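One file, upload.cif, carrying mmCIF, N, CA and C atoms, pLDDT in the B column; chains and numbers go by the auth columns:
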data_data
#
loop_
_atom_site.group_PDB
_atom_site.id
_atom_site.type_symbol
_atom_site.label_atom_id
_atom_site.label_comp_id
_atom_site.label_asym_id
_atom_site.label_seq_id
_atom_site.Cartn_x
_atom_site.Cartn_y
_atom_site.Cartn_z
_atom_site.B_iso_or_equiv
_atom_site.auth_seq_id
_atom_site.auth_asym_id
ATOM 1 N N MET A 1 20.344 135.606 206.720 44.00 52 X
ATOM 2 C CA MET A 1 19.920 135.545 208.104 44.00 52 X
ATOM 3 C C MET A 1 20.653 136.647 208.866 44.00 52 X
ATOM 4 N N SER A 2 19.942 137.399 209.643 42.00 53 X
ATOM 5 C CA SER A 2 20.565 138.476 210.399 42.00 53 X
ATOM 6 C C SER A 2 21.174 137.935 211.674 42.00 53 X
ATOM 7 N N SER A 3 21.984 138.750 212.313 44.00 54 X
ATOM 8 C CA SER A 3 22.605 138.366 213.571 44.00 54 X
ATOM 9 C C SER A 3 21.532 138.153 214.629 44.00 54 X
ATOM 10 N N ILE A 4 21.685 137.087 215.386 46.00 55 X
ATOM 11 C CA ILE A 4 20.725 136.766 216.435 46.00 55 X
ATOM 12 C C ILE A 4 21.368 137.046 217.778 46.00 55 X
ATOM 13 N N GLU A 5 20.656 137.764 218.617 47.00 56 X
ATOM 14 C CA GLU A 5 21.162 138.062 219.952 47.00 56 X
ATOM 15 C C GLU A 5 20.787 136.939 220.907 47.00 56 X
ATOM 16 N N PHE A 6 21.763 136.460 221.652 45.00 57 X
ATOM 17 C CA PHE A 6 21.532 135.435 222.654 45.00 57 X
ATOM 18 C C PHE A 6 21.843 136.029 224.017 45.00 57 X
ATOM 19 N N THR A 7 20.911 135.898 224.929 42.00 58 X
ATOM 20 C CA THR A 7 21.157 136.434 226.261 42.00 58 X
ATOM 21 C C THR A 7 21.618 135.346 227.216 42.00 58 X
ATOM 22 N N ASN A 8 21.170 134.119 227.018 45.00 59 X
ATOM 23 C CA ASN A 8 21.547 133.020 227.891 45.00 59 X
ATOM 24 C C ASN A 8 21.968 131.821 227.059 45.00 59 X
ATOM 25 N N GLY A 9 22.672 130.890 227.681 55.00 60 X
ATOM 26 C CA GLY A 9 23.034 129.651 227.017 55.00 60 X
ATOM 27 C C GLY A 9 24.473 129.630 226.584 55.00 60 X
ATOM 28 N N ASN A 10 24.995 128.426 226.501 87.00 61 X
ATOM 29 C CA ASN A 10 26.381 128.304 226.077 87.00 61 X
ATOM 30 C C ASN A 10 26.464 128.178 224.559 87.00 61 X
ATOM 31 N N THR A 11 27.662 128.128 224.072 90.00 62 X
ATOM 32 C CA THR A 11 27.901 128.092 222.633 90.00 62 X
ATOM 33 C C THR A 11 27.224 126.905 221.966 90.00 62 X
ATOM 34 N N GLU A 12 27.319 125.735 222.582 92.00 63 X
ATOM 35 C CA GLU A 12 26.729 124.548 221.976 92.00 63 X
ATOM 36 C C GLU A 12 25.220 124.698 221.824 92.00 63 X
ATOM 37 N N HIS A 13 24.554 125.254 222.820 92.00 64 X
ATOM 38 C CA HIS A 13 23.108 125.475 222.727 92.00 64 X
ATOM 39 C C HIS A 13 22.764 126.476 221.629 92.00 64 X
ATOM 40 N N LYS A 14 23.589 127.487 221.488 93.00 65 X
ATOM 41 C CA LYS A 14 23.363 128.486 220.446 93.00 65 X
ATOM 42 C C LYS A 14 23.494 127.862 219.059 93.00 65 X
ATOM 43 N N ILE A 15 24.521 127.028 218.888 95.00 66 X
ATOM 44 C CA ILE A 15 24.734 126.368 217.602 95.00 66 X
ATOM 45 C C ILE A 15 23.569 125.443 217.290 95.00 66 X
ATOM 46 N N ILE A 16 23.140 124.668 218.270 95.00 67 X
ATOM 47 C CA ILE A 16 22.003 123.767 218.077 95.00 67 X
ATOM 48 C C ILE A 16 20.773 124.557 217.644 95.00 67 X
ATOM 49 N N GLY A 17 20.518 125.668 218.313 94.00 68 X
ATOM 50 C CA GLY A 17 19.359 126.491 217.972 94.00 68 X
ATOM 51 C C GLY A 17 19.412 126.999 216.542 94.00 68 X
ATOM 52 N N LEU A 18 20.566 127.493 216.130 96.00 69 X
ATOM 53 C CA LEU A 18 20.710 128.007 214.769 96.00 69 X
ATOM 54 C C LEU A 18 20.573 126.900 213.731 96.00 69 X
ATOM 55 N N LEU A 19 21.168 125.752 214.014 96.00 70 X
ATOM 56 C CA LEU A 19 21.122 124.669 213.044 96.00 70 X
ATOM 57 C C LEU A 19 19.757 123.999 212.989 96.00 70 X
ATOM 58 N N LYS A 20 18.977 124.094 214.046 95.00 71 X
ATOM 59 C CA LYS A 20 17.597 123.616 213.978 95.00 71 X
ATOM 60 C C LYS A 20 16.777 124.517 213.058 95.00 71 X
ATOM 61 N N LEU A 21 17.108 125.802 213.057 95.00 72 X
ATOM 62 C CA LEU A 21 16.415 126.750 212.178 95.00 72 X
ATOM 63 C C LEU A 21 16.839 126.585 210.724 95.00 72 X
ATOM 64 N N ASP A 22 18.131 126.355 210.514 96.00 73 X
ATOM 65 C CA ASP A 22 18.658 126.248 209.151 96.00 73 X
ATOM 66 C C ASP A 22 19.873 125.328 209.150 96.00 73 X
ATOM 67 N N GLY A 23 19.652 124.065 208.833 95.00 74 X
ATOM 68 C CA GLY A 23 20.720 123.073 208.833 95.00 74 X
ATOM 69 C C GLY A 23 21.742 123.261 207.730 95.00 74 X
ATOM 70 N N SER A 24 21.465 124.150 206.791 95.00 75 X
ATOM 71 C CA SER A 24 22.407 124.367 205.699 95.00 75 X
ATOM 72 C C SER A 24 23.464 125.421 206.023 95.00 75 X
ATOM 73 N N LEU A 25 23.398 126.002 207.220 95.00 76 X
ATOM 74 C CA LEU A 25 24.398 127.009 207.598 95.00 76 X
ATOM 75 C C LEU A 25 25.792 126.393 207.631 95.00 76 X
ATOM 76 N N THR A 26 26.754 127.155 207.179 93.00 77 X
ATOM 77 C CA THR A 26 28.151 126.706 207.203 93.00 77 X
ATOM 78 C C THR A 26 28.860 127.332 208.401 93.00 77 X
ATOM 79 N N ILE A 27 30.023 126.817 208.716 92.00 78 X
ATOM 80 C CA ILE A 27 30.818 127.404 209.803 92.00 78 X
ATOM 81 C C ILE A 27 31.129 128.858 209.474 92.00 78 X
ATOM 82 N N ALA A 28 31.412 129.144 208.213 94.00 79 X
ATOM 83 C CA ALA A 28 31.695 130.519 207.794 94.00 79 X
ATOM 84 C C ALA A 28 30.500 131.442 208.040 94.00 79 X
ATOM 85 N N GLN A 29 29.291 130.901 208.004 95.00 80 X
ATOM 86 C CA GLN A 29 28.099 131.708 208.282 95.00 80 X
ATOM 87 C C GLN A 29 27.801 131.756 209.781 95.00 80 X
ATOM 88 N N LEU A 30 28.167 130.695 210.495 95.00 81 X
ATOM 89 C CA LEU A 30 27.849 130.621 211.921 95.00 81 X
ATOM 90 C C LEU A 30 28.697 131.557 212.788 95.00 81 X
ATOM 91 N N TYR A 31 30.007 131.597 212.541 94.00 82 X
ATOM 92 C CA TYR A 31 30.838 132.331 213.488 94.00 82 X
ATOM 93 C C TYR A 31 30.533 133.824 213.561 94.00 82 X
ATOM 94 N N PRO A 32 30.162 134.509 212.482 95.00 83 X
ATOM 95 C CA PRO A 32 29.770 135.915 212.659 95.00 83 X
ATOM 96 C C PRO A 32 28.433 136.056 213.405 95.00 83 X
ATOM 97 N N LEU A 33 27.512 135.116 213.166 94.00 84 X
ATOM 98 C CA LEU A 33 26.222 135.166 213.864 94.00 84 X
ATOM 99 C C LEU A 33 26.407 135.010 215.373 94.00 84 X
ATOM 100 N N LEU A 34 27.366 134.167 215.740 94.00 85 X
ATOM 101 C CA LEU A 34 27.621 133.896 217.151 94.00 85 X
ATOM 102 C C LEU A 34 28.620 134.875 217.768 94.00 85 X
ATOM 103 N N LYS A 35 29.204 135.707 216.919 92.00 86 X
ATOM 104 C CA LYS A 35 30.218 136.676 217.361 92.00 86 X
ATOM 105 C C LYS A 35 31.364 135.959 218.064 92.00 86 X
ATOM 106 N N MET A 36 31.843 134.902 217.390 93.00 87 X
ATOM 107 C CA MET A 36 32.936 134.069 217.897 93.00 87 X
ATOM 108 C C MET A 36 33.976 133.903 216.810 93.00 87 X
ATOM 109 N N SER A 37 35.100 133.303 217.200 95.00 88 X
ATOM 110 C CA SER A 37 36.112 132.973 216.199 95.00 88 X
ATOM 111 C C SER A 37 35.687 131.719 215.446 95.00 88 X
ATOM 112 N N ARG A 38 36.207 131.596 214.260 95.00 89 X
ATOM 113 C CA ARG A 38 35.919 130.412 213.449 95.00 89 X
ATOM 114 C C ARG A 38 36.383 129.154 214.189 95.00 89 X
ATOM 115 N N LYS A 39 37.563 129.221 214.789 96.00 90 X
ATOM 116 C CA LYS A 39 38.123 128.078 215.516 96.00 90 X
ATOM 117 C C LYS A 39 37.228 127.684 216.696 96.00 90 X
ATOM 118 N N GLY A 40 36.682 128.655 217.404 94.00 91 X
ATOM 119 C CA GLY A 40 35.790 128.379 218.526 94.00 91 X
ATOM 120 C C GLY A 40 34.537 127.651 218.090 94.00 91 X
ATOM 121 N N VAL A 41 33.977 128.053 216.955 95.00 92 X
ATOM 122 C CA VAL A 41 32.785 127.390 216.425 95.00 92 X
ATOM 123 C C VAL A 41 33.141 125.975 215.972 95.00 92 X
ATOM 124 N N GLN A 42 34.289 125.811 215.324 95.00 93 X
ATOM 125 C CA GLN A 42 34.716 124.487 214.884 95.00 93 X
ATOM 126 C C GLN A 42 34.867 123.538 216.075 95.00 93 X
ATOM 127 N N LYS A 43 35.462 124.011 217.157 94.00 94 X
ATOM 128 C CA LYS A 43 35.643 123.176 218.346 94.00 94 X
ATOM 129 C C LYS A 43 34.300 122.791 218.961 94.00 94 X
ATOM 130 N N ALA A 44 33.383 123.730 219.030 94.00 95 X
ATOM 131 C CA ALA A 44 32.057 123.453 219.591 94.00 95 X
ATOM 132 C C ALA A 44 31.316 122.429 218.725 94.00 95 X
ATOM 133 N N ILE A 45 31.422 122.552 217.420 95.00 96 X
ATOM 134 C CA ILE A 45 30.777 121.589 216.526 95.00 96 X
ATOM 135 C C ILE A 45 31.395 120.207 216.695 95.00 96 X
ATOM 136 N N GLU A 46 32.705 120.139 216.851 95.00 97 X
ATOM 137 C CA GLU A 46 33.361 118.845 217.082 95.00 97 X
ATOM 138 C C GLU A 46 32.866 118.212 218.385 95.00 97 X
ATOM 139 N N ARG A 47 32.695 119.019 219.435 94.00 98 X
ATOM 140 C CA ARG A 47 32.162 118.494 220.702 94.00 98 X
ATOM 141 C C ARG A 47 30.762 117.938 220.504 94.00 98 X
ATOM 142 N N LEU A 48 29.920 118.662 219.760 95.00 99 X
ATOM 143 C CA LEU A 48 28.554 118.210 219.503 95.00 99 X
ATOM 144 C C LEU A 48 28.544 116.924 218.677 95.00 99 X
ATOM 145 N N LYS A 49 29.449 116.817 217.726 94.00 100 X
ATOM 146 C CA LYS A 49 29.546 115.593 216.930 94.00 100 X
ATOM 147 C C LYS A 49 30.006 114.429 217.802 94.00 100 X
ATOM 148 N N ASP A 50 30.983 114.674 218.670 94.00 101 X
ATOM 149 C CA ASP A 50 31.489 113.627 219.565 94.00 101 X
ATOM 150 C C ASP A 50 30.407 113.133 220.520 94.00 101 X
ATOM 151 N N LYS A 51 29.504 114.009 220.911 93.00 102 X
ATOM 152 C CA LYS A 51 28.407 113.653 221.816 93.00 102 X
ATOM 153 C C LYS A 51 27.248 112.979 221.074 93.00 102 X
ATOM 154 N N GLY A 52 27.305 112.953 219.756 94.00 103 X
ATOM 155 C CA GLY A 52 26.247 112.346 218.963 94.00 103 X
ATOM 156 C C GLY A 52 25.024 113.236 218.805 94.00 103 X
ATOM 157 N N ILE A 53 25.174 114.517 219.065 94.00 104 X
ATOM 158 C CA ILE A 53 24.063 115.458 218.971 94.00 104 X
ATOM 159 C C ILE A 53 23.954 116.046 217.574 94.00 104 X
ATOM 160 N N LEU A 54 25.062 116.137 216.889 96.00 105 X
ATOM 161 C CA LEU A 54 25.109 116.801 215.586 96.00 105 X
ATOM 162 C C LEU A 54 25.860 115.918 214.604 96.00 105 X
ATOM 163 N N TYR A 55 25.348 115.827 213.388 94.00 106 X
ATOM 164 C CA TYR A 55 26.087 115.141 212.338 94.00 106 X
ATOM 165 C C TYR A 55 25.790 115.794 210.997 94.00 106 X
ATOM 166 N N ARG A 56 26.660 115.523 210.072 94.00 107 X
ATOM 167 C CA ARG A 56 26.569 116.118 208.741 94.00 107 X
ATOM 168 C C ARG A 56 25.995 115.097 207.781 94.00 107 X
ATOM 169 N N GLU A 57 25.012 115.504 207.012 94.00 108 X
ATOM 170 C CA GLU A 57 24.403 114.655 205.998 94.00 108 X
ATOM 171 C C GLU A 57 24.706 115.265 204.640 94.00 108 X
ATOM 172 N N GLY A 58 25.263 114.462 203.757 92.00 109 X
ATOM 173 C CA GLY A 58 25.592 114.973 202.427 92.00 109 X
ATOM 174 C C GLY A 58 27.001 115.514 202.354 92.00 109 X
ATOM 175 N N SER A 59 27.283 116.183 201.268 87.00 110 X
ATOM 176 C CA SER A 59 28.630 116.686 201.017 87.00 110 X
ATOM 177 C C SER A 59 28.931 117.934 201.842 87.00 110 X
ATOM 178 N N THR A 60 30.191 118.295 201.847 79.00 111 X
ATOM 179 C CA THR A 60 30.623 119.487 202.580 79.00 111 X
ATOM 180 C C THR A 60 29.948 120.738 202.040 79.00 111 X
ATOM 181 N N LYS A 61 29.841 120.835 200.728 80.00 112 X
ATOM 182 C CA LYS A 61 29.256 122.035 200.138 80.00 112 X
ATOM 183 C C LYS A 61 27.734 121.963 200.016 80.00 112 X
ATOM 184 N N GLY A 62 27.204 120.802 199.706 87.00 113 X
ATOM 185 C CA GLY A 62 25.772 120.703 199.445 87.00 113 X
ATOM 186 C C GLY A 62 24.976 120.045 200.556 87.00 113 X
ATOM 187 N N GLY A 63 25.662 119.615 201.603 92.00 114 X
ATOM 188 C CA GLY A 63 24.978 118.899 202.679 92.00 114 X
ATOM 189 C C GLY A 63 24.339 119.832 203.683 92.00 114 X
ATOM 190 N N ARG A 64 23.897 119.208 204.787 95.00 115 X
ATOM 191 C CA ARG A 64 23.288 119.999 205.850 95.00 115 X
ATOM 192 C C ARG A 64 23.561 119.327 207.179 95.00 115 X
ATOM 193 N N TRP A 65 23.473 120.119 208.239 96.00 116 X
ATOM 194 C CA TRP A 65 23.642 119.618 209.592 96.00 116 X
ATOM 195 C C TRP A 65 22.312 119.053 210.089 96.00 116 X
ATOM 196 N N ILE A 66 22.402 117.932 210.764 96.00 117 X
ATOM 197 C CA ILE A 66 21.240 117.302 211.373 96.00 117 X
ATOM 198 C C ILE A 66 21.440 117.294 212.877 96.00 117 X
ATOM 199 N N VAL A 67 20.467 117.822 213.609 95.00 118 X
ATOM 200 C CA VAL A 67 20.501 117.825 215.069 95.00 118 X
ATOM 201 C C VAL A 67 19.687 116.635 215.533 95.00 118 X
ATOM 202 N N SER A 68 20.317 115.759 216.320 91.00 119 X
ATOM 203 C CA SER A 68 19.628 114.546 216.768 91.00 119 X
ATOM 204 C C SER A 68 18.578 114.878 217.821 91.00 119 X
ATOM 205 N N GLN A 69 17.779 113.894 218.125 79.00 120 X
ATOM 206 C CA GLN A 69 16.732 114.057 219.136 79.00 120 X
ATOM 207 C C GLN A 69 17.298 114.157 220.542 79.00 120 X
ATOM 208 N N LYS A 70 18.602 113.860 220.715 65.00 121 X
ATOM 209 C CA LYS A 70 19.247 113.928 222.035 65.00 121 X
ATOM 210 C C LYS A 70 19.304 115.352 222.569 65.00 121 X
ATOM 211 N N SER A 71 19.262 116.324 221.675 56.00 122 X
ATOM 212 C CA SER A 71 19.461 117.720 222.078 56.00 122 X
ATOM 213 C C SER A 71 18.297 118.277 222.853 56.00 122 X
#
Target format structure tokens, applied to this file:
Amino acid sequence: MSSIEFTNGNTEHKIIGLLKLDGSLTIAQLYPLLKMSRKGVQKAIERLKDKGILYREGSTKGGRWIVSQKS
């Protein structure tokens, strides 16, 4: 997947958009796409999980992210 340019929206919206396109993306793949630090992406994902918008299905290596209907 190539780098995606975002003109508007906050980090959480960007992550939701990417994970709706490909739920198998890892944090290691997300942070370069978002042009952010790994820690920043991890914190945003934790916020989304705490809000019940994002959850992980399956294992760490073989699983995928699921975006809830709340988003």
- Item | Residues matched by the PyMOL selection byres (((chain X and resi 62 and name CA) around 12) and name CA) as a PyMOL selection string | chain X and resi 57-61+63-69+81-82+84-88+91-96+98-99
With all atoms listed in the file counted, which protein, DNA or RNA residues have an atom no more than 8 Å from (22.6, 111.6, 211.4) in the file frame? Please answer as a compact mmCIF listing (two decimals) with N, CA and C atoms, in the frame of the given file.
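Result file is point_22.txt:
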# COMPACT_ATOMS: atom_id res chain seq x y z
N GLY X 103 27.30 112.95 219.76
CA GLY X 103 26.25 112.35 218.96
C GLY X 103 25.02 113.24 218.80
N ILE X 104 25.17 114.52 219.06
CA ILE X 104 24.06 115.46 218.97
C ILE X 104 23.95 116.05 217.57
N LEU X 105 25.06 116.14 216.89
CA LEU X 105 25.11 116.80 215.59
C LEU X 105 25.86 115.92 214.60
N TYR X 106 25.35 115.83 213.39
CA TYR X 106 26.09 115.14 212.34
C TYR X 106 25.79 115.79 211.00
N ARG X 107 26.66 115.52 210.07
CA ARG X 107 26.57 116.12 208.74
C ARG X 107 26.00 115.10 207.78
N GLU X 108 25.01 115.50 207.01
CA GLU X 108 24.40 114.66 206.00
C GLU X 108 24.71 115.26 204.64
N TRP X 116 23.47 120.12 208.24
CA TRP X 116 23.64 119.62 209.59
C TRP X 116 22.31 119.05 210.09
N ILE X 117 22.40 117.93 210.76
CA ILE X 117 21.24 117.30 211.37
C ILE X 117 21.44 117.29 212.88
N VAL X 118 20.47 117.82 213.61
CA VAL X 118 20.50 117.82 215.07
C VAL X 118 19.69 116.64 215.53
N SER X 119 20.32 115.76 216.32
CA SER X 119 19.63 114.55 216.77
C SER X 119 18.58 114.88 217.82
- Query: Which value, in Å to one decimal, gives the distance between atom C of Lys90 (chain X) and CA of Gln120 (chain X)?
  - Reply: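 One can read the atom C of Lys90 (chain X) to CA of Gln120 (chain X) distance as 24.7 Å.
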- Figure out the distance between CA of Lys100 (chain X) and CA of Ala79 (chain X), please, to one decimal in Å.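 Here the two named atoms are 17.6 Å from each other.
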- Could you jot down the CA of Gly74 (chain X) to CA of Lys112 (chain X) separation for me, Å, one decimal place? 12.2 Å
Using 3 Å of padding on each side, determine the axis-aligned box around all atoms of region 73-84 of chain X present in the file and give its centre and edge lengths in Å to one decimal, as lines of an AutoDock Vina configuration file.
center_x = 24.9
center_y = 129.6
center_z = 210.5
size_x = 19.6
size_y = 19.0
size_z = 15.7
